[in-house]
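Data block for final.txt (compact mmCIF, C-alpha atoms):
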# COMPACT_ATOMS: atom_id res chain seq x y z
CA MET E 1 20.73 -28.80 40.38
CA THR E 2 17.80 -26.40 39.87
CA THR E 3 14.45 -27.78 38.87
CA GLU E 4 12.83 -24.60 37.59
CA PRO E 5 13.90 -22.53 34.62
CA GLY E 6 15.40 -19.24 35.66
CA PRO E 7 18.58 -17.21 35.61
CA SER E 8 20.71 -20.36 35.93
CA SER E 9 19.21 -21.79 32.72
CA TYR E 10 21.24 -20.79 29.70
CA ILE E 11 18.88 -22.06 27.02
CA GLN E 12 15.51 -20.52 26.57
CA THR E 13 13.22 -23.31 25.52
CA GLU E 14 10.06 -21.23 25.40
CA ARG E 15 8.76 -20.65 21.87
CA ARG E 16 6.73 -17.47 21.82
CA GLY E 17 4.50 -16.99 18.81
CA ALA E 18 5.15 -20.51 17.49
CA ARG E 19 2.63 -21.54 14.86
CA GLN E 20 2.96 -25.28 15.33
CA LYS E 21 1.96 -27.32 18.32
CA PRO E 22 5.01 -28.17 20.44
CA SER E 23 6.13 -31.77 20.50
CA VAL E 24 6.16 -33.88 23.66
CA SER E 25 9.95 -33.70 23.81
CA TYR E 26 9.85 -29.93 23.47
CA PHE E 27 7.22 -29.73 26.21
CA PHE E 28 9.39 -31.91 28.45
CA MET E 29 12.39 -29.64 27.76
CA GLU E 30 10.28 -26.64 28.66
CA CYS E 31 8.58 -27.98 31.75
CA SER E 32 10.99 -30.58 33.11
CA THR E 33 11.13 -30.53 36.89
CA GLN E 34 12.36 -32.95 39.53
CA GLU E 35 8.72 -33.60 40.47
CA CYS E 36 7.97 -34.76 36.90
CA ALA E 37 10.76 -37.31 37.03
CA VAL E 38 8.75 -40.10 38.68
CA ASN E 39 10.71 -43.11 37.43
CA GLY E 40 14.30 -43.96 36.51
CA ASN E 41 13.99 -43.17 32.79
CA LEU E 42 12.34 -39.80 33.44
CA LYS E 43 14.99 -38.98 36.05
CA LYS E 44 17.72 -39.71 33.50
CA LEU E 45 15.90 -37.63 30.93
CA HIS E 46 15.42 -34.79 33.40
CA HIS E 47 19.12 -34.89 34.30
CA LEU E 48 19.99 -34.78 30.57
CA VAL E 49 17.62 -31.85 30.03
CA GLU E 50 19.17 -29.93 32.91
CA SER E 51 22.70 -30.60 31.67
CA VAL E 52 21.74 -29.47 28.15
CA LYS E 53 20.18 -26.30 29.57
CA GLN E 54 23.39 -25.60 31.52
CA ASP E 55 25.81 -26.38 28.65
CA ARG E 56 27.42 -23.18 27.32
CA GLU E 57 28.28 -24.78 23.96
CA VAL E 58 24.66 -25.77 23.43
CA GLU E 59 23.65 -22.27 24.43
CA LEU E 60 26.12 -20.79 21.95
CA SER E 61 24.85 -23.06 19.14
CA TYR E 62 21.28 -22.23 20.06
CA MET E 63 21.99 -18.51 20.08
CA LYS E 64 23.74 -18.71 16.71
CA VAL E 65 20.77 -20.51 15.20
CA TRP E 66 18.38 -18.09 16.88
CA GLU E 67 20.33 -15.07 15.56
CA GLN E 68 20.43 -16.58 12.08
CA GLU E 69 16.67 -17.20 12.18
CA GLU E 70 16.09 -13.63 13.39
CA ARG E 71 18.29 -12.30 10.57
CA LEU E 72 16.38 -14.40 8.03
CA ARG E 73 13.06 -13.20 9.46
CA ALA E 74 14.22 -9.58 9.26
CA GLU E 75 15.43 -10.04 5.68
CA ALA E 76 12.16 -11.72 4.71
CA HIS E 77 10.24 -8.90 6.36
CA GLU E 78 12.29 -6.28 4.49
CA GLU E 79 11.88 -8.12 1.20
CA GLY E 80 8.16 -8.48 1.78
CA PHE E 81 7.86 -4.83 2.69
CA ALA E 82 9.85 -3.74 -0.37
CA GLU E 83 7.80 -6.00 -2.65
CA GLY E 84 4.55 -4.77 -1.12
CA HIS E 85 5.72 -1.17 -1.40
CA ALA E 86 6.65 -1.63 -5.07
CA LYS E 87 3.32 -3.28 -5.85
CA GLY E 88 1.49 -0.53 -3.97
CA LEU E 89 3.33 2.15 -5.91
CA GLU E 90 2.61 0.39 -9.19
CA LYS E 91 -1.07 0.01 -8.37
CA GLY E 92 -1.26 3.60 -7.12
CA LEU E 93 0.40 4.83 -10.30
CA GLU E 94 -2.03 2.85 -12.45
CA GLU E 95 -5.02 4.15 -10.51
CA GLY E 96 -3.59 7.67 -10.55
CA LEU E 97 -3.09 7.53 -14.31
CA LYS E 98 -6.59 6.18 -14.82
CA LYS E 99 -8.13 8.87 -12.63
CA GLY E 100 -5.92 11.50 -14.23
CA LEU E 101 -7.02 10.42 -17.69
CA GLU E 102 -10.67 10.45 -16.64
CA GLN E 103 -10.31 13.89 -15.08
CA GLY E 104 -8.37 15.16 -18.08
CA LEU E 105 -11.05 13.85 -20.43
CA GLU E 106 -13.80 15.45 -18.37
CA GLN E 107 -11.92 18.74 -18.20
CA GLY E 108 -11.18 18.60 -21.92
CA LEU E 109 -14.83 17.97 -22.73
CA GLU E 110 -15.92 20.80 -20.45
CA GLN E 111 -13.35 23.13 -21.98
CA GLY E 112 -14.54 22.11 -25.44
CA ARG E 113 -18.16 22.87 -24.47
CA LEU E 114 -17.13 26.27 -23.11
CA GLU E 115 -15.19 27.06 -26.28
CA GLU E 116 -18.17 25.98 -28.37
CA GLN E 117 -20.44 28.26 -26.34
CA LYS E 118 -18.01 31.16 -26.82
CA ASN E 119 -17.86 30.51 -30.56
CA THR E 120 -21.65 30.29 -30.74
CA GLU E 121 -22.05 33.59 -28.86
CA ARG E 122 -19.41 35.26 -31.07
CA GLU E 123 -21.13 34.00 -34.21
CA LYS E 124 -24.53 35.20 -32.93
CA ARG E 125 -23.07 38.69 -32.30
CA ARG E 126 -21.46 38.69 -35.72
CA ALA E 127 -24.73 37.56 -37.33
CA ASN E 128 -26.69 40.24 -35.41
CA LEU E 129 -24.20 42.92 -36.48
CA ALA E 130 -24.40 41.73 -40.07
CA GLU E 131 -28.21 41.75 -39.92
CA GLU E 132 -28.21 45.28 -38.48
CA GLU E 133 -25.76 46.41 -41.18
CA ASN E 134 -27.97 44.75 -43.79
CA LYS E 135 -31.05 46.57 -42.44
CA ARG E 136 -29.14 49.86 -42.41
CA LEU E 137 -27.98 49.36 -45.95
CA LEU E 138 -31.52 48.43 -47.09
CA ALA E 139 -32.88 51.52 -45.42
CA GLU E 140 -30.22 53.61 -47.11
CA LEU E 141 -30.99 51.98 -50.46
CA ARG E 142 -34.70 52.71 -50.07
CA LYS E 143 -33.90 56.28 -49.18
CA TYR E 144 -31.61 56.60 -52.16
CA ARG E 145 -34.27 55.14 -54.50
CA ALA E 146 -36.91 57.40 -53.05
CA GLU E 147 -34.73 60.41 -53.67
CA ARG E 148 -33.99 59.38 -57.27
CA THR E 149 -37.54 58.95 -58.27
CA PHE E 150 -38.34 62.60 -57.82

Let's see the structure in the file written out as structure tokens.
Amino acid sequence: MTTEPGPSSYIQTERRGARQKPSVSYFFMECSTQECAVNGNLKKLHHLVESVKQDREVELSYMKVWEQEERLRAEAHEEGFAEGHAKGLEKGLEEGLKKGLEQGLEQGLEQGRLEEQKNTEREKRRANLAEEENKRLLAELRKYRAERTF
């Protein structure tokens, strides 16, 4: 019987990335060696641990549970990713719409100012032309009156 975990051990008892503190029984399963078995009860327990580690049926059950847990983790990850992606898109759309509205409002106001300036300039030109025409007509009227008085 081997006393160290290795290729002859069919069950991996190491829990990488576990978030909870391992129990004493788990620790014993992980680290059980012949040297640790210092009395009769510990020797029996060590023998039981070794037989469980070597049992193919236990390994198969363990692997099925492990695969199921991995599948559940993957599904949860995919669901979380999809949910996060959807929320991100929604938030991005809201922010995009808000920024788009702000930019559109700013552009609309600027375009309105430019149109107002164009209208003002056009009206000034029209007023200047009308004033020049008025002056011309007044000058013509004065000339006409001056000619009639003779």

CA of Gly92 in chain E and CA of Gly104 in chain E, how far apart in Å?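 Between these atoms lies a distance of 17.4 Å.
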
In Å and to one decimal, CA of Arg122 in chain E is distant from CA of Lys135 in chain E by 19.8 Å

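Computed from the coordinates, the CA of His47 in chain E to CA of Val65 in chain E distance equals 24.0 Å.
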
Which protein, DNA or RNA residues are at most 7 Å from (12.4, -32.8, 37.0) in the file's coordinates when you count all atoms listed in the file, listed as a PyMOL selection string? chain E and resi 3+32-37+43+46
